[in-house]
$ cat query.txt   # compact mmCIF, C-alpha atoms and all ligand atoms
# COMPACT_ATOMS: atom_id res chain seq x y z
CA MET S 185 35.97 1.85 -1.62
CA THR S 186 34.84 -0.55 -4.33
CA ASP S 187 31.83 -2.73 -4.01
CA THR S 188 33.06 -5.73 -5.90
CA LEU S 189 33.38 -9.10 -4.30
CA THR S 190 36.88 -10.14 -3.49
CA GLN S 191 38.12 -13.60 -4.12
CA PRO S 192 39.04 -15.58 -1.06
CA SER S 193 42.51 -14.49 -0.07
CA ALA S 194 45.52 -16.41 -1.28
CA SER S 195 47.10 -16.10 2.16
CA SER S 196 47.10 -19.53 3.77
CA ALA S 197 46.93 -18.04 7.26
CA VAL S 198 43.63 -16.50 6.34
CA GLN S 199 42.24 -19.48 4.49
CA ASP S 200 43.02 -21.66 7.46
CA ASP S 201 40.99 -19.53 9.76
CA ASP S 202 37.51 -18.77 8.55
CA ARG S 203 36.21 -18.42 12.09
CA THR S 204 38.30 -15.39 12.99
CA LEU S 205 37.85 -11.72 12.28
CA ILE S 206 41.39 -10.58 11.57
CA ILE S 207 42.25 -6.88 11.70
CA ARG S 208 45.75 -6.08 10.50
CA ASP S 209 47.53 -2.74 10.81
CA LEU S 210 44.33 -0.74 10.40
CA HIS S 211 44.81 2.98 9.86
CA VAL S 212 41.74 5.23 9.64
CA VAL S 213 41.22 8.94 8.98
CA PRO S 214 37.95 10.90 9.04
CA VAL S 215 37.02 12.03 5.53
CA ALA S 216 36.35 15.50 6.95
CA ASP S 217 39.98 15.82 8.04
CA ARG S 218 42.28 13.40 6.28
CA SER S 219 45.35 14.87 7.92
CA ARG S 220 44.20 13.48 11.24
CA GLU S 221 44.94 9.81 11.69
CA ILE S 222 42.61 8.45 14.39
CA LEU S 223 43.49 4.75 14.20
CA ARG S 224 47.21 4.29 13.76
CA GLY S 225 47.69 0.56 13.25
CA ILE S 226 45.16 -1.68 14.98
CA ASN S 227 45.87 -5.40 15.13
CA LEU S 228 43.16 -7.64 16.50
CA GLU S 229 41.84 -11.18 16.09
CA VAL S 230 38.40 -12.20 17.34
CA ARG S 231 37.36 -15.82 16.95
CA GLN S 232 33.81 -17.09 16.79
CA GLY S 233 32.83 -18.18 20.28
CA GLU S 234 34.95 -15.48 21.95
CA VAL S 235 33.94 -12.18 23.54
CA HIS S 236 36.50 -9.41 23.22
CA ALA S 237 36.07 -6.06 24.94
CA ILE S 238 37.76 -2.90 23.74
CA MET S 239 38.07 -0.30 26.45
CA GLY S 240 39.35 3.20 26.08
CA ARG S 241 38.94 6.72 27.24
CA ASN S 242 36.69 9.21 25.51
CA GLY S 243 38.18 10.10 22.15
CA SER S 244 40.56 7.13 21.97
CA GLY S 245 39.09 5.93 18.66
CA LYS S 246 36.62 3.22 19.70
CA THR S 247 33.68 4.43 17.64
CA THR S 248 36.00 5.14 14.72
CA LEU S 249 36.99 1.46 14.80
CA ALA S 250 33.35 0.36 14.79
CA TYR S 251 32.54 2.75 11.94
CA ALA S 252 35.53 1.64 9.91
CA LEU S 253 34.52 -2.00 10.34
CA MET S 254 31.01 -1.26 9.12
CA GLY S 255 32.20 0.80 6.17
CA HIS S 256 30.81 4.15 7.25
CA PRO S 257 31.39 6.66 4.45
CA SER S 258 32.69 9.36 6.82
CA TYR S 259 35.77 7.27 7.60
CA GLU S 260 38.49 6.15 5.24
CA VAL S 261 40.80 3.23 5.78
CA THR S 262 44.18 4.42 4.56
CA LYS S 263 46.11 1.27 5.35
CA GLY S 264 45.55 -2.25 6.64
CA GLU S 265 43.24 -5.19 6.10
CA VAL S 266 40.23 -6.79 7.73
CA PHE S 267 39.67 -10.45 6.88
CA TRP S 268 36.58 -12.50 7.56
CA LYS S 269 35.73 -15.84 6.01
CA GLY S 270 38.73 -15.49 3.76
CA ARG S 271 37.70 -12.13 2.30
CA ASP S 272 39.06 -8.66 2.73
CA ILE S 273 35.79 -7.15 3.92
CA LEU S 274 37.01 -3.57 3.53
CA LYS S 275 36.29 -4.03 -0.17
CA LEU S 276 32.67 -4.98 0.51
CA SER S 277 29.62 -2.80 1.00
CA ALA S 278 28.03 -2.75 4.44
CA ASP S 279 25.17 -4.96 3.27
CA LYS S 280 27.56 -7.58 1.92
CA ARG S 281 29.41 -7.53 5.25
CA SER S 282 26.06 -8.22 6.87
CA ARG S 283 25.38 -11.08 4.47
CA LEU S 284 28.69 -12.59 5.55
CA GLY S 285 27.33 -12.83 9.09
CA ILE S 286 28.73 -9.64 10.57
CA PHE S 287 26.35 -7.63 12.73
CA LEU S 288 26.98 -3.94 13.25
CA ALA S 289 24.79 -2.69 16.00
CA PHE S 290 24.09 0.89 15.16
CA GLN S 291 23.06 0.61 11.55
CA TYR S 292 19.53 1.90 12.01
CA PRO S 293 19.55 4.44 14.79
CA THR S 294 16.83 6.67 13.35
CA ALA S 295 13.09 6.49 13.81
CA ILE S 296 11.04 5.07 10.94
CA PRO S 297 7.44 6.16 11.56
CA GLY S 298 4.92 3.78 10.03
CA LEU S 299 7.28 0.81 9.87
CA SER S 300 6.70 -1.76 12.59
CA VAL S 301 9.53 -3.53 14.35
CA ALA S 302 8.22 -6.85 12.97
CA SER S 303 8.21 -5.67 9.33
CA PHE S 304 11.54 -3.95 9.70
CA LEU S 305 13.23 -7.05 11.08
CA ARG S 306 11.69 -9.27 8.41
CA THR S 307 13.03 -7.00 5.68
CA ALA S 308 16.42 -6.94 7.38
CA LEU S 309 16.45 -10.74 7.62
CA ASN S 310 15.47 -11.20 3.99
CA ALA S 311 18.12 -8.75 2.88
CA ARG S 312 20.71 -10.51 4.97
CA ASN S 313 19.73 -13.90 3.56
CA ARG S 314 20.37 -12.89 -0.03
CA PRO S 315 23.19 -15.08 -1.29
CA LEU S 316 26.40 -13.11 -1.48
CA ASP S 317 27.54 -14.31 -4.86
CA GLN S 318 24.23 -14.38 -6.73
CA VAL S 319 23.40 -10.74 -6.91
CA ASN S 320 20.93 -10.93 -9.80
CA ASP S 321 19.43 -14.39 -9.70
CA PRO S 322 15.85 -14.04 -11.02
CA ASP S 323 14.87 -17.36 -9.45
CA ARG S 324 15.91 -16.38 -5.97
CA ASP S 325 14.81 -13.32 -4.09
CA PRO S 326 14.37 -13.81 -0.37
CA SER S 327 12.32 -10.65 -0.13
CA ASP S 328 9.71 -12.56 -2.13
CA LEU S 329 8.41 -15.60 -0.31
CA THR S 330 7.55 -17.35 -3.57
CA ARG S 331 11.23 -17.16 -4.53
CA GLY S 332 13.02 -18.29 -1.40
CA GLY S 333 12.09 -15.67 1.17
CA ILE S 334 11.16 -16.68 4.70
CA SER S 335 7.47 -17.53 4.94
CA MET S 336 5.24 -15.48 7.20
CA GLY S 337 4.65 -18.49 9.44
CA ASP S 338 8.35 -19.29 9.79
CA TYR S 339 9.14 -15.65 10.43
CA ARG S 340 6.48 -15.33 13.11
CA ARG S 341 7.83 -18.42 14.82
CA LEU S 342 11.38 -17.08 14.69
CA LEU S 343 10.35 -13.66 15.99
CA ARG S 344 8.30 -15.17 18.81
CA GLU S 345 11.20 -17.42 19.82
CA LYS S 346 13.70 -14.53 19.85
CA MET S 347 11.35 -12.20 21.70
CA ALA S 348 10.87 -14.87 24.36
CA LEU S 349 14.64 -15.34 24.57
CA LEU S 350 15.05 -11.62 25.25
CA LYS S 351 11.96 -11.46 27.48
CA LEU S 352 10.27 -8.90 25.26
CA ASP S 353 6.61 -8.11 25.44
CA GLU S 354 4.69 -9.05 22.27
CA ALA S 355 3.48 -5.47 21.87
CA PHE S 356 7.06 -4.45 21.13
CA ALA S 357 6.90 -6.02 17.65
CA ALA S 358 3.97 -3.82 16.67
CA ARG S 359 5.63 -0.55 17.60
CA TYR S 360 7.15 1.72 14.99
CA VAL S 361 10.92 1.46 14.67
CA ASN S 362 12.59 3.68 17.25
CA GLU S 363 9.64 6.09 17.32
CA GLY S 364 9.45 7.48 20.82
CA PHE S 365 11.83 4.76 22.01
CA SER S 366 13.74 5.31 25.23
CA GLY S 367 17.46 4.61 25.23
CA GLY S 368 16.69 1.22 26.77
CA GLU S 369 14.07 0.38 24.13
CA LYS S 370 16.53 1.24 21.36
CA LYS S 371 18.93 -1.20 22.97
CA ARG S 372 16.17 -3.83 23.11
CA LEU S 373 15.59 -3.40 19.38
CA GLU S 374 19.32 -3.66 18.74
CA MET S 375 19.43 -6.94 20.68
CA LEU S 376 16.31 -8.26 18.94
CA GLN S 377 17.76 -7.36 15.56
CA MET S 378 20.90 -9.26 16.45
CA ALA S 379 18.88 -12.26 17.63
CA VAL S 380 16.80 -12.38 14.43
CA LEU S 381 19.79 -11.95 12.13
CA GLN S 382 21.83 -14.54 14.08
CA PRO S 383 25.26 -13.17 13.17
CA GLN S 384 28.54 -15.01 13.57
CA MET S 385 30.40 -11.81 14.47
CA ALA S 386 28.71 -8.99 16.36
CA ILE S 387 30.39 -5.62 16.70
CA LEU S 388 28.69 -3.57 19.38
CA ASP S 389 29.63 0.04 20.09
CA GLU S 390 28.12 0.93 23.43
CA THR S 391 28.29 4.67 23.23
CA ASP S 392 27.79 6.75 26.31
CA SER S 393 25.00 8.99 25.11
CA GLY S 394 21.89 8.54 27.17
CA LEU S 395 22.79 5.10 28.43
CA ASP S 396 21.92 4.36 31.99
CA ILE S 397 22.64 1.20 33.90
CA ASP S 398 19.32 -0.34 32.86
CA ALA S 399 20.25 0.05 29.21
CA LEU S 400 23.65 -1.51 29.87
CA ARG S 401 21.90 -4.44 31.54
CA ILE S 402 19.62 -4.87 28.54
CA VAL S 403 22.66 -5.12 26.29
CA ALA S 404 24.43 -7.46 28.69
CA GLU S 405 21.46 -9.77 29.12
CA GLY S 406 20.76 -9.67 25.39
CA VAL S 407 24.32 -10.59 24.50
CA ASN S 408 24.58 -13.23 27.22
CA ALA S 409 21.35 -14.88 26.06
CA GLN S 410 22.77 -15.15 22.55
CA LEU S 411 26.28 -16.38 23.31
CA ASN S 412 27.11 -19.62 21.52
CA PRO S 413 30.21 -21.28 20.04
CA ASP S 414 29.49 -19.74 16.63
CA LEU S 415 29.13 -16.15 17.82
CA GLY S 416 32.09 -13.84 18.19
CA VAL S 417 31.54 -10.51 19.93
CA LEU S 418 33.61 -7.35 19.74
CA LEU S 419 32.22 -5.21 22.50
CA ILE S 420 33.38 -1.62 22.39
CA THR S 421 32.75 0.41 25.51
CA HIS S 422 34.25 2.85 27.91
CA TYR S 423 32.02 1.56 30.68
CA GLN S 424 34.02 -0.81 32.79
CA ARG S 425 30.80 -1.58 34.56
CA LEU S 426 29.40 -3.29 31.47
CA LEU S 427 32.06 -5.94 31.98
CA ASN S 428 30.51 -6.82 35.32
CA TYR S 429 27.57 -8.14 33.32
CA ILE S 430 29.27 -9.48 30.20
CA LYS S 431 32.37 -11.51 30.97
CA PRO S 432 34.87 -11.00 28.18
CA ASP S 433 37.46 -13.62 27.29
CA VAL S 434 39.91 -10.94 26.20
CA VAL S 435 40.18 -7.25 27.10
CA HIS S 436 42.03 -4.71 24.96
CA VAL S 437 42.88 -1.15 25.89
CA LEU S 438 42.75 1.40 23.08
CA ALA S 439 44.65 4.66 23.49
CA GLN S 440 45.63 7.25 20.93
CA GLY S 441 44.54 5.01 18.08
CA LEU S 442 46.57 1.98 19.15
CA ILE S 443 45.92 -1.13 21.23
CA VAL S 444 48.32 -0.57 24.10
CA ALA S 445 47.42 -3.53 26.32
CA THR S 446 45.69 -6.89 25.94
CA GLY S 447 44.80 -9.24 28.75
CA GLY S 448 42.09 -11.22 30.44
CA ARG S 449 39.34 -10.06 32.77
CA ASP S 450 41.99 -9.03 35.27
CA LEU S 451 42.92 -6.18 32.93
CA ALA S 452 39.39 -4.77 33.20
CA LEU S 453 39.55 -5.09 36.98
CA ARG S 454 42.90 -3.32 36.99
CA LEU S 455 41.42 -0.51 34.90
CA GLU S 456 38.59 -0.20 37.36
CA GLU S 457 40.99 0.09 40.27
CA GLU S 458 43.79 2.15 38.79
CA GLY S 459 42.28 3.98 35.85
CA TYR S 460 44.08 4.25 32.54
CA ALA S 461 47.15 6.21 33.62
CA PRO S 462 49.44 3.35 34.79
CA ILE S 463 48.67 1.24 31.71
CA LEU S 464 49.35 4.17 29.40
CA ARG S 465 52.60 4.93 31.20
CA GLU S 466 53.67 1.29 30.83
CA ALA S 467 52.97 1.58 27.12
CA GLY S 468 55.26 4.59 27.02
CA MET S 469 52.46 7.08 26.52
CA GLU S 470 52.00 10.40 28.17
CA ALA S 471 49.38 9.74 30.83
CA ALA S 472 49.31 13.19 32.30
CA ASP S 473 45.95 13.94 30.75
CA GLU S 474 43.93 12.93 33.76
CA GLU S 475 40.82 14.70 32.59
CA PRO S 476 37.75 13.28 34.25
CA GLU S 477 36.05 10.49 32.40
CA ALA S 478 32.38 10.68 31.63
CA PRO S 479 30.78 9.42 34.82
CA GLU S 480 29.73 5.79 35.00
CA PRO S 481 25.98 5.55 35.12
CA ALA S 482 24.69 5.28 38.65
CA ASP S 483 23.34 1.88 39.60
CA GLY S 484 19.59 1.57 39.57
CA SER S 485 18.96 4.83 37.75
CA SER S 486 16.16 4.64 35.28
CA HIS S 487 15.57 6.34 32.02
N1 LIG I 501 34.47 12.95 11.49
C1 LIG I 501 35.49 13.35 12.28
N2 LIG I 501 36.19 14.46 12.00
C2 LIG I 501 37.20 14.87 12.80
N3 LIG I 501 37.58 14.22 13.91
C3 LIG I 501 36.91 13.11 14.24
C4 LIG I 501 35.84 12.61 13.45
N4 LIG I 501 35.36 11.50 14.04
C5 LIG I 501 36.10 11.30 15.15
N5 LIG I 501 37.03 12.27 15.26
C6 LIG I 501 37.98 12.38 16.36
O1 LIG I 501 38.63 11.15 16.54
C7 LIG I 501 38.86 10.90 17.91
C8 LIG I 501 38.27 9.58 18.29
O2 LIG I 501 36.85 9.65 18.25
P1 LIG I 501 35.92 8.40 18.56
O3 LIG I 501 34.52 8.84 18.42
O4 LIG I 501 36.36 7.25 17.75
O5 LIG I 501 36.27 8.15 20.10
P2 LIG I 501 35.62 7.14 21.15
O6 LIG I 501 36.75 6.34 21.68
O7 LIG I 501 34.49 6.41 20.53
O8 LIG I 501 35.11 8.13 22.29
P3 LIG I 501 33.84 7.98 23.29
O9 LIG I 501 34.30 7.14 24.43
O10 LIG I 501 33.60 9.38 23.69
O11 LIG I 501 32.70 7.40 22.52
C9 LIG I 501 38.24 12.09 18.67
O12 LIG I 501 39.26 12.99 19.00
C10 LIG I 501 37.29 12.68 17.66
O13 LIG I 501 37.12 14.07 17.84
MG MG I 502 32.47 6.32 20.94
$ encode --input "query.txt" --output "structure tokens" --more "lines below"
Ligand SMILES: Nc1ncnc2c1ncn2[C@@H]1O[C@H](COP(=O)(O)OP(=O)(O)OP(=O)(O)O)[C@@H](O)[C@H]1O
Ligand SMILES: [Mg+2]
Amino acid sequence: MTDTLTQPSASSAVQDDDRTLIIRDLHVVPVADRSREILRGINLEVRQGEVHAIMGRNGSGKTTLAYALMGHPSYEVTKGEVFWKGRDILKLSADKRSRLGIFLAFQYPTAIPGLSVASFLRTALNARNRPLDQVNDPDRDPSDLTRGGISMGDYRRLLREKMALLKLDEAFAARYVNEGFSGGEKKRLEMLQMAVLQPQMAILDETDSGLDIDALRIVAEGVNAQLNPDLGVLLITHYQRLLNYIKPDVVHVLAQGLIVATGGRDLALRLEEEGYAPILREAGMEAADEEPEAPEPADGSSH
């Protein structure tokens, strides 16, 4: 993948719609095994102000979609396009995607001992605020507050406001990034990062590992507190229960690397009642593989 900036697309359909993330015929293979096509032609449009959920069984390709959208080097897009603000973002580095207002939740999953949450988020904000088209402007460097960076006072105000929004204790900002964090605390940091960066399109992959119902609630409350007409959300999950807390406008079902059904909230309710098999059968897919899903987290369990 190149890292050059693309010109706004000549396609009028795209130029007309700068508020929509447009995924067209996306095919993705893992670099480790290029013969295995995981996503086989995904088409999806998410507008700012809308919440879309992508549901799918284990192994259906949900995380692969999130990774491909963030430009993870282990995944290669072999075909298709992803447009945002008139650009084909697949040609952009992950940090340029971020500077275009796209938030990818799991960018910093590792612990960074010695770096406080407050410093980390300030650096992330300054990096995100760098203008996309002025890569080497000596007069402007938001990481330097004398050259356009956010002042300490403004940053403290912003952080305090966002921590209050998410009902976070002030001590949280002084902790080291992810060091000794519980699953729920990692989710709190993810939500705080999103609140500070104020994206226009948030792609959240709610993986199953170690997530209990409290952690799901943290994500749900965090997202709900941030919903506004300028924020689009692509919420990837196999937990139907998450959709009891976040009400999606549109629900998509992903199976075998394809979106096989799209509907409203009723589709999520139908999944909850009937499981995936009838929907897969309707889509003409073999639904015999009734292997048990990873169990939904029990209500009220704590981490
Ligand atoms: N790097 C890789 N190399 C080989 N196969 C891979 C790679 N990454 C993913 N896959 C395969 O692609 C398929 C989809 O995986 P993916 O992680 O996208 O599923 P998922 O829908 O996120 O599942 P879950 O609900 O368990 O999180 C799986 O069969 C997986 O084994
Ligand atoms: Mg996954």
$ closest_residue --input "query.txt" --among "S:Pro257, S:Gly337, S:Gly368, S:Gly441" --to "Gly406 in chain S" --atoms "all atoms listed in the file"
S:Gly368
$ atom_distance --input "query.txt" --atom1 "CA of Arg283 in chain S" --atom2 "CA of Arg314 in chain S"
7.0 Å
$ closest_atom_pairs --input "query.txt" --of "chain S" --to "ligand MG 502 (chain I)" --cutoff "9 Å" --atoms "all atoms listed in the file" --output "JSON lines"
{"residue": "S:Asn242", "atom": "CA", "partner": "I:MG502", "partner_atom": "MG", "distance": 6.9}
{"residue": "S:Gly243", "atom": "CA", "partner": "I:MG502", "partner_atom": "MG", "distance": 7.0}
{"residue": "S:Ser244", "atom": "CA", "partner": "I:MG502", "partner_atom": "MG", "distance": 8.2}
{"residue": "S:Gly245", "atom": "CA", "partner": "I:MG502", "partner_atom": "MG", "distance": 7.0}
{"residue": "S:Lys246", "atom": "CA", "partner": "I:MG502", "partner_atom": "MG", "distance": 5.3}
{"residue": "S:Thr247", "atom": "CA", "partner": "I:MG502", "partner_atom": "MG", "distance": 4.0}
{"residue": "S:Thr248", "atom": "CA", "partner": "I:MG502", "partner_atom": "MG", "distance": 7.2}
{"residue": "S:Ala250", "atom": "CA", "partner": "I:MG502", "partner_atom": "MG", "distance": 8.6}
{"residue": "S:Asp389", "atom": "CA", "partner": "I:MG502", "partner_atom": "MG", "distance": 6.9}
{"residue": "S:Glu390", "atom": "CA", "partner": "I:MG502", "partner_atom": "MG", "distance": 7.4}
{"residue": "S:Thr391", "atom": "CA", "partner": "I:MG502", "partner_atom": "MG", "distance": 5.0}
{"residue": "S:Asp392", "atom": "CA", "partner": "I:MG502", "partner_atom": "MG", "distance": 7.1}
{"residue": "S:Ser393", "atom": "CA", "partner": "I:MG502", "partner_atom": "MG", "distance": 9.0}
{"residue": "S:Ile420", "atom": "CA", "partner": "I:MG502", "partner_atom": "MG", "distance": 8.1}
{"residue": "S:Thr421", "atom": "CA", "partner": "I:MG502", "partner_atom": "MG", "distance": 7.5}
{"residue": "S:His422", "atom": "CA", "partner": "I:MG502", "partner_atom": "MG", "distance": 8.0}
$ write_last_selection --input "query.txt" --atoms "C-alpha atoms" --output "JSON list (two decimals), keeping the file's coordinate frame"
[["chain", "number", "residue", "atom", "x", "y", "z"],
["S", 242, "ASN", "CA", 36.69, 9.21, 25.51],
["S", 243, "GLY", "CA", 38.18, 10.10, 22.15],
["S", 244, "SER", "CA", 40.56, 7.13, 21.97],
["S", 245, "GLY", "CA", 39.09, 5.93, 18.66],
["S", 246, "LYS", "CA", 36.62, 3.22, 19.70],
["S", 247, "THR", "CA", 33.68, 4.43, 17.64],
["S", 248, "THR", "CA", 36.00, 5.14, 14.72],
["S", 250, "ALA", "CA", 33.35, 0.36, 14.79],
["S", 389, "ASP", "CA", 29.63, 0.04, 20.09],
["S", 390, "GLU", "CA", 28.12, 0.93, 23.43],
["S", 391, "THR", "CA", 28.29, 4.67, 23.23],
["S", 392, "ASP", "CA", 27.79, 6.75, 26.31],
["S", 393, "SER", "CA", 25.00, 8.99, 25.11],
["S", 420, "ILE", "CA", 33.38, -1.62, 22.39],
["S", 421, "THR", "CA", 32.75, 0.41, 25.51],
["S", 422, "HIS", "CA", 34.25, 2.85, 27.91]]
$ residues_around --input "query.txt" --residues "Met375 in chain S" --least-positions-apart "3" --cutoff "12 Å" --atoms "only C-alpha atoms" --output "PyMOL selection string"
chain S and resi 287-290+305+346-347+349-352+368-372+378-383+386-388+399-411
$ write_last_selection --input "query.txt" --atoms "C-alpha atoms" --output "CSV table (one decimal), in the coordinates of the input"
chain,number,residue,atom,x,y,z
S,287,PHE,CA,26.4,-7.6,12.7
S,288,LEU,CA,27.0,-3.9,13.2
S,289,ALA,CA,24.8,-2.7,16.0
S,290,PHE,CA,24.1,0.9,15.2
S,305,LEU,CA,13.2,-7.0,11.1
S,346,LYS,CA,13.7,-14.5,19.8
S,347,MET,CA,11.4,-12.2,21.7
S,349,LEU,CA,14.6,-15.3,24.6
S,350,LEU,CA,15.0,-11.6,25.2
S,351,LYS,CA,12.0,-11.5,27.5
S,352,LEU,CA,10.3,-8.9,25.3
S,368,GLY,CA,16.7,1.2,26.8
S,369,GLU,CA,14.1,0.4,24.1
S,370,LYS,CA,16.5,1.2,21.4
S,371,LYS,CA,18.9,-1.2,23.0
S,372,ARG,CA,16.2,-3.8,23.1
S,378,MET,CA,20.9,-9.3,16.4
S,379,ALA,CA,18.9,-12.3,17.6
S,380,VAL,CA,16.8,-12.4,14.4
S,381,LEU,CA,19.8,-12.0,12.1
S,382,GLN,CA,21.8,-14.5,14.1
S,383,PRO,CA,25.3,-13.2,13.2
S,386,ALA,CA,28.7,-9.0,16.4
S,387,ILE,CA,30.4,-5.6,16.7
S,388,LEU,CA,28.7,-3.6,19.4
S,399,ALA,CA,20.2,0.0,29.2
S,400,LEU,CA,23.6,-1.5,29.9
S,401,ARG,CA,21.9,-4.4,31.5
S,402,ILE,CA,19.6,-4.9,28.5
S,403,VAL,CA,22.7,-5.1,26.3
S,404,ALA,CA,24.4,-7.5,28.7
S,405,GLU,CA,21.5,-9.8,29.1
S,406,GLY,CA,20.8,-9.7,25.4
S,407,VAL,CA,24.3,-10.6,24.5
S,408,ASN,CA,24.6,-13.2,27.2
S,409,ALA,CA,21.4,-14.9,26.1
S,410,GLN,CA,22.8,-15.2,22.6
S,411,LEU,CA,26.3,-16.4,23.3
$ closest_residue --input "query.txt" --among "S:Val444, S:Leu438, S:Val235, S:Ile430" --to "ligand LIG 501 (chain I)" --atoms "all atoms listed in the file"
S:Leu438
$ closest_residue --input "query.txt" --among "S:Glu363, S:Glu466, S:Glu345, S:Glu457" --to "Val301 in chain S" --atoms "only C-alpha atoms"
S:Glu363
$ closest_residue --input "query.txt" --among "S:Leu210, S:Val434, S:Ala311, S:Ala439" --to "ligand LIG 501 (chain I)" --atoms "all atoms listed in the file"
S:Ala439
$ residues_around --input "query.txt" --residues "Leu205 in chain S" --least-positions-apart "3" --cutoff "9 Å" --atoms "all atoms listed in the file" --output "list in words"
Asp201, Asp202, Leu228, Glu229, Val230, Arg231, Gln232, Val266, Phe267, Trp268, Lys269, Met385 and Gly416 of chain S
$ atom_distance --input "query.txt" --atom1 "CA of Ala237 in chain S" --atom2 "CA of Asp398 in chain S"
19.4 Å
$ closest_residue --input "query.txt" --among "S:Glu234, S:Glu456, S:Met254, S:Leu373" --to "Thr294 in chain S" --atoms "all atoms listed in the file"
S:Leu373
$ closest_residue --input "query.txt" --among "S:Leu276, S:Asp433, S:Gly240, S:Gly364" --to "Ile463 in chain S" --atoms "all atoms listed in the file"
S:Gly240
$ atom_distance --input "query.txt" --atom1 "atom O4 of ligand LIG 501 (chain I)" --atom2 "CA of Gly448 in chain S"
23.1 Å
$ residues_around --input "query.txt" --residues "Arg218 in chain S" --least-positions-apart "5" --cutoff "10 Å" --atoms "all atoms listed in the file" --output "PyMOL selection string"
chain S and resi 212-213+259-260+262
$ axis_aligned_box --input "query.txt" --around "ligand LIG 501 (chain I)" --padding-each-side "5 Å" --output "JSON"
{"center_x": 36.0, "center_y": 10.6, "center_z": 18.0, "size_x": 16.6, "size_y": 18.5, "size_z": 22.9}
